[in-house]
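Q: Sharing a structure below in structure tokens format, with a few things to ask.
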Amino acid sequence: MFARARAAARFPWLAVLLLCPARGQETAFMAAGDAGAALVRLVVARAAGGTPANAYLYVDADTPFRSFSIRDGENGAALLTRAGPLELGDPFAVLAIEKLLNSPSDLYLWLDGNSYGALRTVEAARFETELLPQNQTPPNFLTKASAPAGLAVYLLPGETGGRRASAVLFEAVARFPGPVAISGLHLHEGEAGVIGPAVLAASLNPSRVLISTTGLAGHREVKFSSDPAVTLRLEAMLANPGGYYLDLHTAAIPTGAMRGQLAPAAAAPPALLTVLPAGNDPALTTLAQGGLMSIYGRNLSNATVDGRSFPGGSAPLSLNGVAVAVGNYPAPVLWVSADLILAQTPFEVPPGVHPVKVTSGTGESRSFDVRVAAAAPVLFLDSAGALCLRNSDYSRITSDNPGRQGEVVFCYANGLGQTTPPLQTGVPAPGDPFASVTGVTLNVGGISVTPVYAIAVPGSVGTYQVAFRLPQVSGAVPLTLTVRGATSNRVPVHVR
């Protein structure tokens with residue numbers, strides 16, 4: 001029997017392709033236990049074929065630490081022991097990157113000899129703004145200064161819903177015309193022109209100032225909290241970032257030297273442009289029961305939030321205040337941004353034409369009609385062709401690394417429909433037993449092929465994996481997949 005479970009967990013390109021090629025470059029994780037809380041961020045840049053070109057690791061904790069390790073299992077081998085740029089020629093670093101992107105809960109974080117527990121993917125949102133003196137209330141036109149700033153929020157779901165911990169990253173680079181002493185960097189609640197209460201503050205204060213003799217000063221800090229009240233305030237901020245601002249204080253202007261709103265004031269309701277099955281093929285328009293859909297539009301969300309950590313054991317029905325409905329059925333939401341939503345078509349939606357609507361804090365969109373079928377397969381693809389990997393070593397099949405005749409490979413797909421045992425809407429697919437898809441055949445270069453297996457990817461919502469043996473063909477041959485009479489898009493797979 002082929003290594004199905006292991007193969008199913010390894011696919012570092014999938015999350016990116018479900019959204020669009022420019023997204024998903026940073027993935028964040030947290031560990032929280034008796035020893036404390038810590039934040040791990042992995043930033044990966046990819047080459048045209050999807051393989052990592054470079055990677056950078058950040059590690060922050062609620063207390064100072066001298067050493068850390070990311071281990072394969074709580075007491076397993078240390079895969080990473082240094083932050084910063086990762087050496088992609090190091091097999092342990094490559095393994096750590098793959099596990100972080102595919103099965104982070106297999107990895108444990110240790111700081112100064114203490115286990116902080118398993119890493120978990122967090123819900124993350126980032127905002128960027130420019131702090132200016134003229135944004136103050138009242139405006140200050142005399143001070144000539146500015147500060148590009150960023151605020152990132154990371155929420156770690158609890159095991160049964162709620163939030164176990166949160167982390168907020170403050171970043172700012174201030175430019176003043178001369179020497180300056182920065183005495184505070186605060187997140188406030190308040191619309192533009194309104195002085196509001198502080199929600200959270202960096203550790204800078206009048207007794208702990210940041211002094212610059214040149215006027216150029218940078219500050220970066222991560223604040224951790226396990227206080228549910230803090231989490232509630234952060235969630236309120238995510239739902240309405242236009243009603244919050246960053247304020248930078250100096251010793252000379254302690255009431256606030258410059259500020260900037262996290263986002264423009266939200267006013268327009270969401271507007272839908274099109275709804276397509278996820279998979280990077282705009283020619284396909286039919287959605288499948290249980291499949292993933294990409295909703296494109298404007299004003300869909302006032303923040304980018306990743307909900308694929310499945311808090312409470314399933315995908316949320318509302319993310320950052322954004323909800324999706326297909327007909328009368330609420331759809332699980334996995335990702336929201338201003339122009340894109342990733343959601344699952346509920347299994348309960350009957351075949352036929354149904355309206356899709358998006359509701360947010362600014363109102364409800366007009367409906368967009370979609371056709372839903374029991375199965376509507378889509379093979380994932382990018383510039384390198386079909387998203388297929390070798391079963392033997394999990395390397396990506398490309399023109400530079402073609403599959404071999406007679407070799408078993410596996411590809412990723414969307415829209416294969418219901419499985420045995422049956423899946424539930426929003427609930428990640430099981431790994432024991434696998435959720436298998438029946439009635440699947442493939443056509444590889446004109447040759448009909450029976451799959452080795454076709455399953456829903458364990459731990460995922462709406463994605464599938466199909467393994468098969470490459471027939472006696474060569475070159476960039478066309479690959480299609482048929483499920484119970486429904487045929488997928490035609491994508492190239494490279495064989496020698």
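As shown in the structure tokens, the chain order sets the letters A, B, ...; within each chain, residues go from 1, and ligands are also counted from 1 in the order they appear.
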Select from range 277-436 of chain A everything DSSP, run on the backbone, classes as strand (DSSP E or B), then give the selection as a ChimeraX atom specification.
A: /A:277,287-288,292-298,305-306,318-319,322-326,329-331,333-336,340-344,352-360,363-364,368-373,378-379,381-382,385-386,388-390,396,403,408-414,420,429,431,434,436
Q: Could the residues of range 384-429 of chain A that have an atom at most 12 Å from range 260-280 of chain A be listed as a tab-separated table, each with its closest atom pair and the distance in Å to one decimal, counting only C-alpha atoms and ordered by chain and ascending residue number?
A:
residue	atom	partner	partner_atom	distance
A:Gly385	CA	A:Asn280	CA	11.0
A:Ala386	CA	A:Gly279	CA	10.5
A:Leu387	CA	A:Gly279	CA	10.2
A:Tyr412	CA	A:Gly279	CA	9.5
A:Ala413	CA	A:Gly279	CA	7.5
A:Asn414	CA	A:Gly279	CA	6.9
A:Gly415	CA	A:Pro277	CA	7.7
A:Leu416	CA	A:Pro277	CA	11.5
Q: My list of candidates is A:Gly307, A:Pro91, A:Gly184, A:Gly321. Which is closest to Thr27 in chain A when distances are computed with only C-alpha atoms?
A: A:Gly307
Q: If we count only C-alpha atoms, what is near Lys223 in chain A at a cut-off of 9 Å, once residues fewer than 6 positions away on the same chain are taken out, given as a count of residues only?
A: 11
Q: Go through range 72-271 of chain A and collect every residue that DSSP, computed from the backbone, puts in helix (DSSP H, G or I); the answer should be as a PyMOL selection string.
A: chain A and resi 91-102+104-106+133-135+228-239+241-243
Q: Can you spit out the residues from that selection as an mmCIF file, in the first residue's frame, using N, CA and C atoms?
A:
data_model
loop_
_atom_site.group_PDB
_atom_site.id
_atom_site.type_symbol
_atom_site.label_atom_id
_atom_site.label_comp_id
_atom_site.auth_asym_id
_atom_site.auth_seq_id
_atom_site.Cartn_x
_atom_site.Cartn_y
_atom_site.Cartn_z
ATOM 1 N N PRO A 91 18.503 19.725 4.634
ATOM 2 C CA PRO A 91 17.290 18.894 4.574
ATOM 3 C C PRO A 91 16.399 19.046 5.799
ATOM 4 N N PHE A 92 17.001 19.344 6.974
ATOM 5 C CA PHE A 92 16.180 19.541 8.173
ATOM 6 C C PHE A 92 15.358 20.827 8.043
ATOM 7 N N ALA A 93 15.946 21.869 7.462
ATOM 8 C CA ALA A 93 15.211 23.117 7.266
ATOM 9 C C ALA A 93 14.077 22.914 6.272
ATOM 10 N N VAL A 94 14.340 22.179 5.195
ATOM 11 C CA VAL A 94 13.302 21.921 4.196
ATOM 12 C C VAL A 94 12.165 21.114 4.812
ATOM 13 N N LEU A 95 12.520 20.099 5.622
ATOM 14 C CA LEU A 95 11.495 19.305 6.289
ATOM 15 C C LEU A 95 10.679 20.167 7.243
ATOM 16 N N ALA A 96 11.354 21.070 7.963
ATOM 17 C CA ALA A 96 10.648 21.956 8.895
ATOM 18 C C ALA A 96 9.687 22.868 8.151
ATOM 19 N N ILE A 97 10.103 23.415 7.000
ATOM 20 C CA ILE A 97 9.228 24.281 6.212
ATOM 21 C C ILE A 97 7.998 23.513 5.757
ATOM 22 N N GLU A 98 8.193 22.287 5.250
ATOM 23 C CA GLU A 98 7.066 21.492 4.780
ATOM 24 C C GLU A 98 6.103 21.172 5.918
ATOM 25 N N LYS A 99 6.644 20.839 7.076
ATOM 26 C CA LYS A 99 5.779 20.512 8.210
ATOM 27 C C LYS A 99 5.069 21.755 8.736
ATOM 28 N N LEU A 100 5.748 22.884 8.757
ATOM 29 C CA LEU A 100 5.089 24.109 9.198
ATOM 30 C C LEU A 100 3.915 24.460 8.294
ATOM 31 N N LEU A 101 4.066 24.232 6.997
ATOM 32 C CA LEU A 101 3.031 24.608 6.050
ATOM 33 C C LEU A 101 1.927 23.565 5.931
ATOM 34 N N ASN A 102 2.200 22.331 6.350
ATOM 35 C CA ASN A 102 1.242 21.261 6.127
ATOM 36 C C ASN A 102 0.725 20.600 7.394
ATOM 37 N N PRO A 104 1.622 21.623 11.110
ATOM 38 C CA PRO A 104 2.362 22.283 12.188
ATOM 39 C C PRO A 104 2.176 21.638 13.545
ATOM 40 N N SER A 105 1.024 20.974 13.777
ATOM 41 C CA SER A 105 0.806 20.377 15.089
ATOM 42 C C SER A 105 1.749 19.217 15.364
ATOM 43 N N ASP A 106 2.476 18.736 14.337
ATOM 44 C CA ASP A 106 3.510 17.715 14.554
ATOM 45 C C ASP A 106 4.768 18.316 15.175
ATOM 46 N N PRO A 133 1.586 63.910 11.671
ATOM 47 C CA PRO A 133 1.130 64.897 12.665
ATOM 48 C C PRO A 133 -0.192 65.546 12.291
ATOM 49 N N GLN A 134 -0.439 65.775 11.006
ATOM 50 C CA GLN A 134 -1.683 66.437 10.604
ATOM 51 C C GLN A 134 -2.918 65.563 10.801
ATOM 52 N N ASN A 135 -2.702 64.258 11.103
ATOM 53 C CA ASN A 135 -3.840 63.387 11.403
ATOM 54 C C ASN A 135 -4.302 63.496 12.849
ATOM 55 N N PRO A 228 -9.156 37.056 28.000
ATOM 56 C CA PRO A 228 -10.276 37.030 27.047
ATOM 57 C C PRO A 228 -10.798 38.421 26.704
ATOM 58 N N ALA A 229 -10.695 39.370 27.644
ATOM 59 C CA ALA A 229 -11.184 40.722 27.358
ATOM 60 C C ALA A 229 -10.359 41.378 26.259
ATOM 61 N N VAL A 230 -9.045 41.131 26.261
ATOM 62 C CA VAL A 230 -8.186 41.675 25.206
ATOM 63 C C VAL A 230 -8.566 41.062 23.860
ATOM 64 N N THR A 231 -8.804 39.766 23.852
ATOM 65 C CA THR A 231 -9.183 39.104 22.612
ATOM 66 C C THR A 231 -10.478 39.671 22.055
ATOM 67 N N LEU A 232 -11.457 39.913 22.918
ATOM 68 C CA LEU A 232 -12.728 40.478 22.460
ATOM 69 C C LEU A 232 -12.530 41.854 21.838
ATOM 70 N N ARG A 233 -11.654 42.655 22.422
ATOM 71 C CA ARG A 233 -11.403 43.995 21.868
ATOM 72 C C ARG A 233 -10.675 43.894 20.528
ATOM 73 N N LEU A 234 -9.767 42.920 20.420
ATOM 74 C CA LEU A 234 -9.073 42.735 19.145
ATOM 75 C C LEU A 234 -10.035 42.241 18.073
ATOM 76 N N GLU A 235 -10.948 41.354 18.425
ATOM 77 C CA GLU A 235 -11.922 40.880 17.442
ATOM 78 C C GLU A 235 -12.842 42.012 16.996
ATOM 79 N N ALA A 236 -13.196 42.901 17.931
ATOM 80 C CA ALA A 236 -14.002 44.068 17.557
ATOM 81 C C ALA A 236 -13.223 44.971 16.605
ATOM 82 N N MET A 237 -11.927 45.098 16.821
ATOM 83 C CA MET A 237 -11.093 45.907 15.940
ATOM 84 C C MET A 237 -11.028 45.283 14.540
ATOM 85 N N LEU A 238 -10.898 43.946 14.471
ATOM 86 C CA LEU A 238 -10.844 43.289 13.167
ATOM 87 C C LEU A 238 -12.134 43.510 12.385
ATOM 88 N N ALA A 239 -13.256 43.573 13.077
ATOM 89 C CA ALA A 239 -14.534 43.775 12.399
ATOM 90 C C ALA A 239 -14.708 45.205 11.903
ATOM 91 N N PRO A 241 -11.729 47.929 11.432
ATOM 92 C CA PRO A 241 -10.413 48.555 11.599
ATOM 93 C C PRO A 241 -10.413 50.042 11.288
ATOM 94 N N GLY A 242 -11.379 50.517 10.488
ATOM 95 C CA GLY A 242 -11.455 51.948 10.215
ATOM 96 C C GLY A 242 -11.799 52.762 11.440
ATOM 97 N N GLY A 243 -12.277 52.104 12.493
ATOM 98 C CA GLY A 243 -12.598 52.789 13.733
ATOM 99 C C GLY A 243 -11.489 52.703 14.764
#
Q: To one decimal in Å, tell me the separation between CA of Leu151 in chain A and CA of Val173 in chain A.
A: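 Distance reported for this atom pair: 12.4 Å.
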Q: Between CA of Ala165 in chain A and CA of Ser183 in chain A, measure the distance and give it in Å to one decimal.
A: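 Separating CA of Ala165 in chain A from CA of Ser183 in chain A is a distance of 26.9 Å.
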Q: Identify which of the residues A:Tyr56, A:Leu481, A:Asp112, A:Gly297 lies closest to Glu87 in chain A, counting only C-alpha atoms when measuring atom-to-atom distances.
A: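 Checking each of A:Tyr56, A:Leu481, A:Asp112, A:Gly297 against Glu87 in chain A, counting only C-alpha atoms, the winner is A:Tyr56.
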